[in-house]
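Coordinates as given in protein.csv (CSV, C-alpha atoms and all ligand atoms):
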chain,number,residue,atom,x,y,z
A,1,MET,CA,-40.4,-66.0,-26.7
A,2,ASP,CA,-40.4,-64.4,-30.2
A,3,ILE,CA,-41.4,-60.8,-31.0
A,4,LEU,CA,-43.4,-60.4,-34.2
A,5,LEU,CA,-43.6,-56.8,-35.5
A,6,LYS,CA,-46.0,-56.8,-38.4
A,7,ASN,CA,-47.6,-54.4,-40.9
A,8,LEU,CA,-44.6,-52.2,-41.1
A,9,THR,CA,-42.7,-50.4,-43.9
A,10,LEU,CA,-39.2,-51.8,-43.8
A,11,ILE,CA,-36.1,-49.6,-44.5
A,12,ASP,CA,-33.4,-52.1,-43.8
A,13,GLY,CA,-30.2,-50.0,-43.8
A,14,THR,CA,-28.9,-51.5,-47.1
A,15,ARG,CA,-29.7,-49.5,-50.3
A,16,ARG,CA,-32.9,-51.6,-50.8
A,17,ALA,CA,-36.1,-49.6,-51.4
A,18,PRO,CA,-38.7,-49.4,-48.6
A,19,GLN,CA,-40.7,-52.6,-48.4
A,20,GLU,CA,-44.4,-52.2,-47.4
A,21,ASN,CA,-46.4,-54.8,-45.5
A,22,ALA,CA,-43.2,-56.3,-44.1
A,23,VAL,CA,-42.7,-58.3,-40.9
A,24,LEU,CA,-39.8,-58.4,-38.5
A,25,VAL,CA,-39.3,-61.4,-36.2
A,26,ILE,CA,-36.9,-61.0,-33.2
A,27,ARG,CA,-35.5,-63.8,-31.0
A,28,ASP,CA,-33.0,-63.4,-28.2
A,29,GLY,CA,-32.3,-59.8,-29.2
A,30,LYS,CA,-31.5,-60.7,-32.7
A,31,ILE,CA,-33.4,-60.6,-36.0
A,32,LEU,CA,-34.7,-64.0,-37.0
A,33,TYR,CA,-36.5,-62.7,-40.1
A,34,ALA,CA,-37.0,-59.4,-41.9
A,35,GLY,CA,-38.9,-59.0,-45.1
A,36,ALA,CA,-42.2,-59.7,-46.9
A,37,SER,CA,-45.0,-61.1,-44.7
A,38,SER,CA,-45.6,-63.8,-47.2
A,39,GLY,CA,-42.0,-65.1,-46.6
A,40,TRP,CA,-42.6,-65.7,-42.9
A,41,SER,CA,-43.9,-69.2,-42.2
A,42,GLY,CA,-44.8,-68.6,-38.5
A,43,SER,CA,-43.1,-69.2,-35.2
A,44,GLN,CA,-42.9,-72.4,-33.2
A,45,GLU,CA,-42.3,-70.3,-30.0
A,46,GLU,CA,-44.8,-68.2,-28.1
A,47,VAL,CA,-45.1,-64.9,-29.9
A,48,VAL,CA,-45.7,-61.3,-28.8
A,49,ASN,CA,-47.5,-59.6,-31.7
A,50,LEU,CA,-47.4,-55.9,-32.5
A,51,ASP,CA,-49.1,-54.3,-35.4
A,52,LEU,CA,-47.2,-51.2,-36.4
A,53,GLY,CA,-49.9,-49.8,-38.7
A,54,GLY,CA,-47.7,-49.3,-41.7
A,55,HIS,CA,-45.1,-47.2,-39.7
A,56,PHE,CA,-41.5,-47.0,-41.0
A,57,THR,CA,-39.0,-49.2,-39.3
A,58,LEU,CA,-35.3,-48.5,-39.6
A,59,PRO,CA,-32.1,-49.8,-38.0
A,60,GLY,CA,-31.2,-48.0,-34.8
A,61,LEU,CA,-29.0,-45.0,-36.0
A,62,ILE,CA,-25.3,-45.1,-35.5
A,63,ASP,CA,-23.4,-41.9,-34.9
A,64,THR,CA,-19.7,-42.5,-35.5
A,65,HIS,CA,-18.4,-39.2,-34.1
A,66,VAL,CA,-19.7,-37.8,-30.8
A,67,HIS,CA,-18.3,-36.2,-27.7
A,68,LEU,CA,-20.2,-37.3,-24.6
A,69,ALA,CA,-18.1,-34.9,-22.5
A,70,GLY,CA,-19.6,-31.9,-24.2
A,71,SER,CA,-23.2,-30.6,-24.1
A,72,GLY,CA,-23.0,-28.0,-26.8
A,73,GLU,CA,-21.4,-25.3,-24.6
A,74,VAL,CA,-20.9,-22.2,-26.8
A,75,ASP,CA,-17.2,-21.9,-26.0
A,76,SER,CA,-16.6,-25.6,-26.7
A,77,GLN,CA,-15.2,-26.1,-23.2
A,78,PHE,CA,-15.8,-29.5,-21.7
A,79,ARG,CA,-14.3,-28.9,-18.2
A,80,SER,CA,-16.1,-30.3,-15.2
A,81,GLU,CA,-15.5,-32.0,-11.9
A,82,SER,CA,-15.2,-35.8,-12.3
A,83,GLY,CA,-18.4,-36.8,-10.5
A,84,ALA,CA,-20.4,-34.2,-12.4
A,85,MET,CA,-18.8,-35.3,-15.6
A,86,ALA,CA,-19.9,-38.9,-15.1
A,87,LEU,CA,-23.5,-37.7,-14.7
A,88,LYS,CA,-23.2,-35.4,-17.7
A,89,MET,CA,-21.8,-38.1,-19.9
A,90,LEU,CA,-24.5,-40.5,-18.8
A,91,SER,CA,-27.2,-37.9,-19.4
A,92,ASN,CA,-25.8,-37.2,-22.9
A,93,ALA,CA,-25.6,-40.9,-23.7
A,94,GLN,CA,-29.2,-41.3,-22.8
A,95,LYS,CA,-30.3,-38.4,-24.9
A,96,ASN,CA,-28.7,-40.3,-27.9
A,97,LEU,CA,-30.6,-43.5,-27.1
A,98,ALA,CA,-33.9,-41.7,-26.5
A,99,ALA,CA,-33.5,-40.1,-29.9
A,100,GLY,CA,-32.9,-43.4,-31.7
A,101,ILE,CA,-29.1,-43.3,-31.8
A,102,THR,CA,-28.6,-46.8,-30.5
A,103,THR,CA,-24.8,-46.8,-31.0
A,104,VAL,CA,-22.2,-44.1,-30.6
A,105,ARG,CA,-18.5,-43.8,-31.1
A,106,ASP,CA,-16.9,-41.2,-28.8
A,107,LEU,CA,-13.8,-39.7,-30.4
A,108,GLY,CA,-12.5,-37.6,-27.5
A,109,GLY,CA,-13.5,-38.3,-23.9
A,110,TRP,CA,-12.5,-36.6,-20.7
A,111,ASN,CA,-10.2,-37.9,-18.0
A,112,GLU,CA,-11.2,-41.5,-18.8
A,113,VAL,CA,-14.7,-41.0,-17.2
A,114,GLU,CA,-16.3,-42.3,-20.4
A,115,PHE,CA,-15.0,-45.8,-19.8
A,116,VAL,CA,-16.9,-45.9,-16.5
A,117,VAL,CA,-20.1,-44.8,-18.2
A,118,ARG,CA,-19.7,-47.4,-20.9
A,119,ASP,CA,-19.1,-50.2,-18.4
A,120,TRP,CA,-22.1,-49.3,-16.3
A,121,ILE,CA,-24.3,-49.2,-19.3
A,122,GLN,CA,-22.9,-52.5,-20.5
A,123,ARG,CA,-23.7,-54.0,-17.1
A,124,ARG,CA,-27.3,-52.7,-17.5
A,125,GLU,CA,-27.0,-50.5,-14.4
A,126,PHE,CA,-28.4,-47.7,-16.6
A,127,PRO,CA,-30.0,-47.6,-20.0
A,128,GLY,CA,-27.9,-46.1,-22.7
A,129,PRO,CA,-26.5,-46.6,-26.2
A,130,ARG,CA,-23.9,-49.1,-27.2
A,131,MET,CA,-20.6,-47.3,-27.0
A,132,SER,CA,-17.3,-47.5,-28.9
A,133,LEU,CA,-14.6,-45.4,-27.3
A,134,ALA,CA,-11.3,-43.8,-28.3
A,135,GLY,CA,-10.4,-42.4,-25.0
A,136,ARG,CA,-8.2,-39.3,-25.5
A,137,PHE,CA,-7.4,-37.4,-28.6
A,138,ILE,CA,-3.7,-37.9,-29.3
A,139,SER,CA,-2.1,-34.6,-30.3
A,140,ILE,CA,1.2,-32.9,-30.8
A,141,THR,CA,2.2,-30.1,-28.3
A,142,GLU,CA,-0.1,-27.3,-29.4
A,143,VAL,CA,-2.6,-24.7,-28.0
A,144,GLY,CA,-5.6,-27.1,-28.3
A,145,ALA,CA,-4.2,-29.3,-25.5
A,146,ASP,CA,-4.6,-26.5,-23.0
A,147,TYR,CA,-8.0,-25.6,-24.4
A,148,TYR,CA,-9.3,-29.2,-24.1
A,149,GLU,CA,-7.5,-30.2,-20.9
A,150,GLY,CA,-8.7,-33.7,-20.0
A,151,MET,CA,-9.6,-34.6,-23.6
A,152,TYR,CA,-6.1,-34.4,-25.2
A,153,ARG,CA,-3.1,-36.6,-24.7
A,154,VAL,CA,0.0,-34.8,-25.9
A,155,ALA,CA,2.6,-37.0,-27.5
A,156,ASP,CA,5.6,-35.9,-29.5
A,157,GLY,CA,7.9,-38.3,-31.2
A,158,VAL,CA,7.4,-42.0,-31.9
A,159,ASP,CA,8.2,-43.2,-28.4
A,160,GLU,CA,5.7,-40.9,-26.7
A,161,ILE,CA,3.2,-41.8,-29.3
A,162,ARG,CA,3.5,-45.5,-28.7
A,163,LYS,CA,3.1,-44.9,-25.0
A,164,ALA,CA,0.0,-42.8,-25.6
A,165,VAL,CA,-1.6,-45.5,-27.6
A,166,ARG,CA,-0.8,-48.1,-24.9
A,167,GLU,CA,-2.5,-45.9,-22.3
A,168,GLN,CA,-5.7,-45.7,-24.3
A,169,VAL,CA,-5.6,-49.5,-24.8
A,170,LYS,CA,-5.0,-49.9,-21.1
A,171,HIS,CA,-8.1,-47.8,-20.3
A,172,GLY,CA,-10.3,-49.9,-22.6
A,173,ALA,CA,-10.3,-47.9,-25.9
A,174,ASP,CA,-11.9,-49.6,-28.9
A,175,TRP,CA,-10.3,-47.0,-31.2
A,176,ILE,CA,-7.3,-44.7,-31.3
A,177,LYS,CA,-7.9,-41.1,-32.2
A,178,ILE,CA,-5.1,-39.0,-33.7
A,179,GLY,CA,-5.2,-35.3,-34.4
A,180,VAL,CA,-3.3,-35.3,-37.7
A,181,THR,CA,-4.0,-31.7,-38.5
A,182,GLY,CA,-5.0,-28.5,-36.7
A,183,ALA,CA,-8.6,-27.9,-35.6
A,184,VAL,CA,-11.4,-25.5,-36.4
A,185,LEU,CA,-12.6,-25.5,-32.8
A,186,VAL,CA,-9.3,-24.3,-31.4
A,187,GLU,CA,-8.6,-20.6,-31.4
A,188,HIS,CA,-5.5,-20.0,-33.6
A,189,GLY,CA,-5.7,-23.6,-34.7
A,190,GLU,CA,-5.0,-24.0,-38.4
A,191,PRO,CA,-7.1,-26.8,-39.8
A,192,GLY,CA,-5.1,-27.0,-43.0
A,193,LEU,CA,-1.8,-27.5,-41.2
A,194,THR,CA,-0.3,-31.0,-40.8
A,195,HIS,CA,0.7,-31.5,-37.1
A,196,PHE,CA,2.3,-34.9,-36.8
A,197,ASN,CA,5.2,-36.0,-39.0
A,198,GLU,CA,4.7,-39.0,-41.2
A,199,ASP,CA,6.9,-41.3,-39.1
A,200,GLU,CA,4.8,-40.4,-36.0
A,201,ILE,CA,1.5,-41.2,-37.8
A,202,ARG,CA,3.0,-44.5,-39.0
A,203,ALA,CA,4.2,-45.4,-35.5
A,204,LEU,CA,0.7,-44.6,-34.1
A,205,VAL,CA,-1.1,-46.8,-36.6
A,206,GLU,CA,1.5,-49.6,-36.2
A,207,GLU,CA,1.1,-49.6,-32.4
A,208,SER,CA,-2.7,-49.5,-32.6
A,209,THR,CA,-2.8,-52.3,-35.2
A,210,LYS,CA,-0.7,-54.4,-32.9
A,211,PHE,CA,-3.4,-54.2,-30.3
A,212,GLY,CA,-6.2,-54.7,-32.9
A,213,ARG,CA,-7.4,-51.1,-32.6
A,214,PRO,CA,-8.4,-49.2,-35.8
A,215,VAL,CA,-7.4,-45.5,-36.1
A,216,ALA,CA,-9.6,-42.5,-36.5
A,217,ALA,CA,-7.8,-39.5,-37.9
A,218,HIS,CA,-9.0,-36.0,-37.2
A,219,ALA,CA,-7.8,-34.4,-40.5
A,220,HIS,CA,-8.9,-31.2,-42.3
A,221,GLY,CA,-5.9,-30.5,-44.6
A,222,VAL,CA,-5.4,-32.6,-47.6
A,223,ASP,CA,-1.7,-33.2,-46.9
A,224,GLY,CA,-2.5,-34.6,-43.5
A,225,ILE,CA,-5.3,-36.7,-44.9
A,226,HIS,CA,-2.9,-38.1,-47.5
A,227,LYS,CA,-0.3,-39.0,-44.8
A,228,ALA,CA,-3.0,-40.6,-42.6
A,229,ILE,CA,-4.2,-42.7,-45.5
A,230,ARG,CA,-0.7,-43.8,-46.4
A,231,ALA,CA,-0.1,-44.8,-42.8
A,232,GLY,CA,-3.3,-47.0,-42.8
A,233,VAL,CA,-6.0,-45.2,-40.7
A,234,ARG,CA,-9.6,-46.5,-41.1
A,235,THR,CA,-11.6,-43.3,-40.9
A,236,ILE,CA,-11.0,-39.6,-41.8
A,237,GLU,CA,-12.9,-37.2,-39.5
A,238,HIS,CA,-14.0,-33.9,-41.1
A,239,GLY,CA,-12.0,-34.1,-44.4
A,240,THR,CA,-12.7,-30.4,-45.0
A,241,PHE,CA,-10.1,-29.7,-47.7
A,242,LEU,CA,-10.3,-33.0,-49.5
A,243,PHE,CA,-11.7,-31.1,-52.6
A,244,GLN,CA,-8.2,-29.7,-53.2
A,245,ASP,CA,-6.8,-33.0,-54.3
A,246,PRO,CA,-8.9,-35.5,-56.4
A,247,ALA,CA,-6.1,-38.0,-56.3
A,248,VAL,CA,-6.4,-38.3,-52.5
A,249,ILE,CA,-10.2,-38.7,-52.9
A,250,GLN,CA,-9.5,-41.5,-55.4
A,251,LEU,CA,-7.1,-43.2,-52.9
A,252,MET,CA,-9.8,-43.2,-50.2
A,253,ALA,CA,-12.2,-44.8,-52.6
A,254,GLU,CA,-9.8,-47.4,-53.7
A,255,GLN,CA,-8.8,-48.3,-50.2
A,256,GLY,CA,-12.3,-48.2,-48.7
A,257,ILE,CA,-11.3,-45.5,-46.2
A,258,PHE,CA,-14.3,-43.9,-44.6
A,259,LEU,CA,-15.0,-40.2,-44.6
A,260,ILE,CA,-17.0,-38.8,-41.7
A,261,PRO,CA,-17.9,-35.3,-42.8
A,262,THR,CA,-19.4,-33.8,-39.5
A,263,LEU,CA,-21.4,-31.0,-41.2
A,264,LYS,CA,-24.0,-30.4,-38.5
A,265,VAL,CA,-21.7,-28.5,-36.1
A,266,GLY,CA,-20.9,-25.9,-38.8
A,267,TRP,CA,-24.6,-25.3,-39.6
A,268,ASP,CA,-25.6,-25.1,-35.9
A,269,ILE,CA,-23.0,-22.4,-35.4
A,270,ILE,CA,-23.7,-20.5,-38.6
A,271,LEU,CA,-27.5,-20.6,-38.3
A,272,ALA,CA,-27.7,-19.7,-34.6
A,273,LYS,CA,-29.3,-16.4,-33.6
A,274,ASP,CA,-28.2,-14.6,-30.4
A,275,SER,CA,-26.0,-17.4,-29.3
A,276,ASN,CA,-23.0,-15.7,-27.6
A,277,ILE,CA,-20.8,-17.9,-29.7
A,278,PRO,CA,-17.2,-16.5,-29.7
A,279,ALA,CA,-16.5,-14.6,-32.9
A,280,TRP,CA,-13.5,-16.8,-33.8
A,281,ILE,CA,-15.7,-19.9,-33.8
A,282,LEU,CA,-18.3,-18.3,-36.0
A,283,GLU,CA,-15.8,-16.9,-38.5
A,284,LYS,CA,-13.8,-20.1,-38.8
A,285,ASN,CA,-16.9,-22.1,-39.5
A,286,LYS,CA,-18.3,-19.7,-42.0
A,287,ALA,CA,-15.0,-19.9,-43.9
A,288,THR,CA,-14.9,-23.7,-44.2
A,289,GLN,CA,-18.5,-24.9,-44.3
A,290,GLY,CA,-18.9,-24.6,-48.1
A,291,GLU,CA,-15.6,-26.4,-48.6
A,292,ALA,CA,-16.6,-29.2,-46.3
A,293,GLU,CA,-19.8,-29.7,-48.2
A,294,LEU,CA,-18.0,-29.7,-51.6
A,295,SER,CA,-15.5,-32.3,-50.2
A,296,LEU,CA,-18.3,-34.6,-49.2
A,297,LYS,CA,-20.0,-34.2,-52.6
A,298,LEU,CA,-16.9,-35.1,-54.5
A,299,ALA,CA,-16.0,-37.9,-52.2
A,300,SER,CA,-19.4,-39.4,-52.4
A,301,GLU,CA,-19.5,-39.2,-56.2
A,302,ALA,CA,-16.0,-40.8,-56.3
A,303,GLY,CA,-17.3,-43.8,-54.3
A,304,VAL,CA,-15.6,-43.0,-51.0
A,305,PRO,CA,-17.6,-44.9,-48.2
A,306,ILE,CA,-19.3,-42.3,-46.0
A,307,ALA,CA,-20.4,-42.7,-42.4
A,308,MET,CA,-22.6,-40.4,-40.3
A,309,GLY,CA,-20.8,-38.5,-37.5
A,310,SER,CA,-22.5,-35.5,-36.0
A,311,ASP,CA,-19.7,-34.3,-33.6
A,312,VAL,CA,-22.5,-33.7,-31.1
A,313,GLY,CA,-21.2,-32.1,-27.9
A,314,THR,CA,-19.4,-29.3,-29.8
A,315,PRO,CA,-20.9,-25.7,-29.7
A,316,LEU,CA,-24.7,-25.6,-30.1
A,317,ASN,CA,-24.6,-29.2,-31.4
A,318,PHE,CA,-26.9,-31.0,-29.0
A,319,HIS,CA,-27.1,-34.6,-28.1
A,320,GLY,CA,-30.4,-36.0,-29.4
A,321,GLU,CA,-30.4,-33.9,-32.6
A,322,ASN,CA,-27.7,-36.1,-34.2
A,323,GLY,CA,-30.2,-37.2,-37.0
A,324,LEU,CA,-29.9,-33.7,-38.6
A,325,GLU,CA,-26.5,-34.7,-39.8
A,326,ILE,CA,-28.2,-37.1,-42.2
A,327,TYR,CA,-30.2,-34.2,-43.6
A,328,TRP,CA,-27.2,-32.0,-44.0
A,329,MET,CA,-25.3,-34.8,-45.8
A,330,GLN,CA,-28.3,-34.9,-48.3
A,331,GLN,CA,-28.2,-31.1,-48.7
A,332,ALA,CA,-24.5,-31.4,-49.6
A,333,GLY,CA,-25.3,-33.7,-52.5
A,334,MET,CA,-25.9,-37.2,-51.3
A,335,SER,CA,-29.1,-39.0,-52.1
A,336,ALA,CA,-31.6,-39.5,-49.2
A,337,ILE,CA,-31.0,-43.3,-49.2
A,338,ASP,CA,-27.2,-43.0,-49.3
A,339,ALA,CA,-27.3,-40.5,-46.4
A,340,LEU,CA,-29.5,-42.9,-44.4
A,341,VAL,CA,-27.2,-45.9,-45.2
A,342,ALA,CA,-24.3,-43.7,-44.0
A,343,ALA,CA,-26.0,-43.7,-40.5
A,344,THR,CA,-26.9,-47.4,-40.5
A,345,GLY,CA,-25.3,-50.1,-42.7
A,346,ASN,CA,-22.2,-48.0,-43.6
A,347,ALA,CA,-21.7,-46.7,-40.1
A,348,ALA,CA,-21.6,-50.3,-38.9
A,349,ARG,CA,-19.0,-51.1,-41.6
A,350,ALA,CA,-16.9,-48.1,-40.5
A,351,LEU,CA,-16.9,-49.4,-36.9
A,352,GLY,CA,-16.0,-52.9,-38.1
A,353,TRP,CA,-19.3,-54.2,-36.5
A,354,ASP,CA,-21.3,-54.8,-39.7
A,355,SER,CA,-21.3,-58.6,-39.3
A,356,TRP,CA,-23.8,-58.2,-36.4
A,357,LEU,CA,-25.0,-54.6,-36.5
A,358,GLY,CA,-26.4,-51.8,-38.7
A,359,THR,CA,-29.0,-53.4,-40.9
A,360,LEU,CA,-32.3,-55.1,-40.4
A,361,GLU,CA,-31.3,-58.5,-41.7
A,362,THR,CA,-31.3,-62.1,-40.3
A,363,GLY,CA,-28.8,-62.6,-37.6
A,364,LYS,CA,-28.1,-58.9,-36.8
A,365,ALA,CA,-28.8,-57.2,-33.5
A,366,ALA,CA,-32.4,-56.1,-33.2
A,367,ASP,CA,-31.7,-52.4,-32.8
A,368,LEU,CA,-34.4,-50.4,-34.5
A,369,ILE,CA,-36.5,-47.3,-34.5
A,370,VAL,CA,-40.1,-46.8,-35.6
A,371,VAL,CA,-41.2,-43.5,-37.1
A,372,ASP,CA,-44.6,-42.4,-38.3
A,373,SER,CA,-43.6,-40.9,-41.7
A,374,ASN,CA,-41.2,-41.6,-44.5
A,375,PRO,CA,-37.8,-40.3,-43.6
A,376,LEU,CA,-36.7,-40.6,-47.2
A,377,GLU,CA,-39.2,-37.8,-48.1
A,378,ASP,CA,-37.9,-35.6,-45.3
A,379,LEU,CA,-34.8,-36.7,-43.4
A,380,ARG,CA,-35.3,-34.0,-40.7
A,381,ILE,CA,-37.9,-36.2,-39.1
A,382,LEU,CA,-35.0,-38.4,-37.8
A,383,ALA,CA,-34.2,-35.6,-35.4
A,384,ASP,CA,-37.8,-34.8,-34.5
A,385,GLN,CA,-39.0,-36.8,-31.6
A,386,ASN,CA,-42.6,-36.0,-32.4
A,387,HIS,CA,-42.3,-38.6,-35.2
A,388,LEU,CA,-40.4,-41.2,-33.2
A,389,GLN,CA,-42.7,-43.9,-31.8
A,390,PHE,CA,-40.2,-46.1,-30.0
A,391,VAL,CA,-36.6,-47.2,-29.9
A,392,MET,CA,-35.5,-50.8,-29.5
A,393,LYS,CA,-32.1,-52.0,-28.5
A,394,GLU,CA,-31.3,-55.7,-28.7
A,395,GLY,CA,-35.0,-56.6,-29.0
A,396,GLN,CA,-36.2,-54.6,-26.1
A,397,VAL,CA,-38.0,-51.2,-26.0
A,398,ALA,CA,-35.4,-48.9,-24.5
A,399,ALA,CA,-37.0,-45.6,-25.2
A,400,CYS,CA,-40.7,-44.9,-25.7
A,401,HIS,CA,-43.3,-42.2,-26.2
A,402,ALA,CA,-44.9,-41.9,-22.8
A,403,GLU,CA,-48.5,-42.3,-24.1
A,404,ASN,CA,-47.7,-45.4,-26.2
A,405,ASP,CA,-49.4,-48.6,-25.1
A,406,LEU,CA,-47.0,-51.2,-26.3
A,407,PRO,CA,-47.2,-54.8,-24.8
A,408,PRO,CA,-45.3,-54.7,-21.5
A,409,ALA,CA,-43.4,-57.9,-22.5
A,410,LEU,CA,-41.4,-55.8,-25.0
A,411,PHE,CA,-39.9,-53.4,-22.5
A,412,ALA,CA,-36.4,-53.4,-21.1
A,413,GLU,CA,-36.1,-53.3,-17.3
A,414,GLN,CA,-35.3,-49.6,-17.5
A,415,VAL,CA,-36.9,-47.5,-20.2
A,416,LEU,CA,-36.3,-43.9,-21.2
A,417,LEU,CA,-39.4,-41.8,-21.7
A,418,ILE,CA,-39.0,-39.5,-24.7
A,419,ARG,CA,-41.5,-37.0,-23.2
A,501,ZN,ZN,-15.0,-34.3,-32.8

Mind turning this structure into structure tokens?
Ligand SMILES: [Zn+2]
Amino acid sequence: MDILLKNLTLIDGTRRAPQENAVLVIRDGKILYAGASSGWSGSQEEVVNLDLGGHFTLPGLIDTHVHLAGSGEVDSQFRSESGAMALKMLSNAQKNLAAGITTVRDLGGWNEVEFVVRDWIQRREFPGPRMSLAGRFISITEVGADYYEGMYRVADGVDEIRKAVREQVKHGADWIKIGVTGAVLVEHGEPGLTHFNEDEIRALVEESTKFGRPVAAHAHGVDGIHKAIRAGVRTIEHGTFLFQDPAVIQLMAEQGIFLIPTLKVGWDIILAKDSNIPAWILEKNKATQGEAELSLKLASEAGVPIAMGSDVGTPLNFHGENGLEIYWMQQAGMSAIDALVAATGNAARALGWDSWLGTLETGKAADLIVVDSNPLEDLRILADQNHLQFVMKEGQVAACHAENDLPPALFAEQVLLIR
């Protein structure tokens, strides 16, 4: 049975302009056709028809940097008892899906609980987003490891590092995450400081590559970013001080290394009123937010590929509000369409999943969202569930406005109600 979505305005996740009066045809969870209604010759199969009344249809959003273990606690502490943590992660994952984030990459889990959550969602025991996982954040011996107990894996020297990579692979990691520099969200952490030595970073990338796992590098300082790039990582997380060295920006552009700027967390902390946020978290974010924005602007202008990562789970950075990151990327200097592509087509490229995900084109997974106004005119609607009509994952409605009367045949077995 085919699904025919008609009378929609298509924003396909490439840089193409919105296309009015388009149709989308879905078969077996994949897109059979997307484009002008005049180009669709009709289906041989039985068809479920849905007229979308001109509403905007986009690829399901992809957030390449989340922490399912966190729920926005002001002190950034993710501690929990394991059973409670499994429920917390599942709940956070579902908040993403309900908000139209159909794919997430978790870059720092907790005691391996996230692998269980991913597997149960994959088995369709629970609705949830598609998940790509890094397992633990591999770090040198430092104060952050005590602060984020359960999330960090301390490893010093190449032998320990190789073992730490093997552990993540054993648990089922899709990615390996390395803390190349200090962090903003660690008290006394120095984000500009390079933590691992170059031989250690190289050993980590080499070991990860052996197992076919790409590497995501947490890196604020430009020296650490440079070393990570030379070692062969695929994504740079944060990239706060990139602006200090245009040659490093150029290198990222030439090698196609993705920057994931994570601006939302800083804004959530800086703009919050009466939040009880610890003073050190507030001050550190105030000091670096402008620099992070400048780095994104320069990188984007230089042609560095950008992917959206909200870092949801960190202080006051709540699951389901991820879409605001796209707005903040635009505010920092990207065009609306480039910011949107960073959360769709480019995010899929960053994950290495672009052959089957991220754009609304023939052969891709039918992950999509339908919104009632043009996101390119105000990107904030992507984080406003009043504008979200429904969310489809692999051709089935996975989350829906409670009062919507969509054909029952479109629904997955288990559906999240947005409200
Ligand atoms: Zn993070």

Could you give me the residues within 7 Å of ligand ZN 501 (chain A), counting all atoms listed in the file, as a PDB file with C-alpha atoms, in the coordinates of the input?
ATOM      1  CA  HIS A  65     -18.400 -39.200 -34.100  1.00  0.00           C
ATOM      2  CA  VAL A  66     -19.700 -37.800 -30.800  1.00  0.00           C
ATOM      3  CA  HIS A  67     -18.300 -36.200 -27.700  1.00  0.00           C
ATOM      4  CA  LEU A 107     -13.800 -39.700 -30.400  1.00  0.00           C
ATOM      5  CA  GLY A 108     -12.500 -37.600 -27.500  1.00  0.00           C
ATOM      6  CA  ASP A 311     -19.700 -34.300 -33.600  1.00  0.00           C
TER       7      ASP A 311
END

Residues near Gly179 of chain A, anyone? I mean within 8 Å using only C-alpha atoms, not counting same-chain ones fewer than 2 positions away, as a compact mmCIF listing (two decimals) with C-alpha atoms, keeping the file's coordinate frame.
# COMPACT_ATOMS: atom_id res chain seq x y z
CA PHE A 137 -7.40 -37.40 -28.60
CA ILE A 138 -3.70 -37.90 -29.30
CA SER A 139 -2.10 -34.60 -30.30
CA ILE A 140 1.20 -32.90 -30.80
CA LYS A 177 -7.90 -41.10 -32.20
CA THR A 181 -4.00 -31.70 -38.50
CA GLY A 182 -5.00 -28.50 -36.70
CA HIS A 195 0.70 -31.50 -37.10
CA PHE A 196 2.30 -34.90 -36.80
CA ALA A 217 -7.80 -39.50 -37.90
CA HIS A 218 -9.00 -36.00 -37.20
CA ALA A 219 -7.80 -34.40 -40.50

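Across the structure, atom CA of Gln414 of chain A and atom CA of Gly29 of chain A are spaced 15.8 Å apart.
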
Please indicate the distance in Å from atom CA of Tyr33 of chain A to atom CA of Leu10 of chain A, rounded to one decimal place. 11.8 Å

Closest atom pairs, segment 173-285 of chain A residues within 10 Å of segment 87-106 of chain A, only C-alpha atoms, as CSV:
residue,atom,partner,partner_atom,distance
A:Ala173,CA,A:Asp106,CA,9.8
A:Asp174,CA,A:Arg105,CA,9.1
A:Trp175,CA,A:Arg105,CA,8.8
A:Lys177,CA,A:Asp106,CA,9.6

Would you please work out which residue, of A:Leu296, A:Ile26, A:Ile11, A:Met1, is nearest to Thr362 of chain A when using all atoms listed in the file? A:Ile26

Report as a list in words all protein, DNA and RNA residues lying within 10 Å of Glu361 of chain A, evaluated on all atoms listed in the file, omitting residues in the same chain fewer than 5 positions from it.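 So, after excluding close chain neighbours, the residues are Asp12, Gly13, Thr14, Leu24, Lys30, Ile31, Leu32, Tyr33, Ala34, Gly35, Pro59, Trp356 and Ala366 of chain A.
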
Taking only C-alpha atoms into account, name the residue in A:Ala84, A:Ile201, A:Ile418, A:Val248 that is nearest to Ile161 of chain A.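 Checking each of A:Ala84, A:Ile201, A:Ile418, A:Val248 against Ile161 of chain A, counting only C-alpha atoms, the winner is A:Ile201.
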
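Our summary of the geometry notes that atom CA of Leu271 of chain A is positioned 28.7 Å from atom CA of Pro129 of chain A.
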
Residue nearest Ser43 of chain A among A:Asp372, A:Ala279, A:Arg27, A:Ala253 (counting only C-alpha atoms):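 Smallest distance to Ser43 of chain A is found for A:Arg27.
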
Give me the residues near Ala412 of chain A as an MDAnalysis selection string, where near means some atom within 8 Å (using only C-alpha atoms) and where sequence neighbours in that chain fewer than 6 positions away do not count. chainID A and resid 396:398

Identify the residues within 12 Å of coordinate (-13.0, -26.7, -17.2) (same frame as the file), considering only C-alpha atoms, and give the answer as a PyMOL selection string. chain A and resi 69-70+73+75-82+84-85+110-111+146-151

Name all residues at most 12 Å from Gly352 of chain A (count only C-alpha atoms; drop same-chain ones fewer than 3 positions away) and give them as a list in words. Thr64, Arg105, Ser132, Asp174, Trp175, Gly212, Arg213, Pro214, Val215, Arg234, Thr235, Ile257, Phe258, Ala307, Gly345, Asn346, Ala347, Ala348, Arg349, Ser355, Trp356, Leu357 and Gly358 of chain A

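When only C-alpha atoms are used to compute distances to Leu417 of chain A, the closest of the residues A:Ser373, A:Gln389, A:Ser37, A:Gln168 turns out to be A:Gln389.
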
Please list as a ChimeraX atom specification every residue within 9 Å of Trp267 of chain A, counting only C-alpha atoms and excluding residues in the same chain fewer than 6 positions away. /A:285-286,289,328
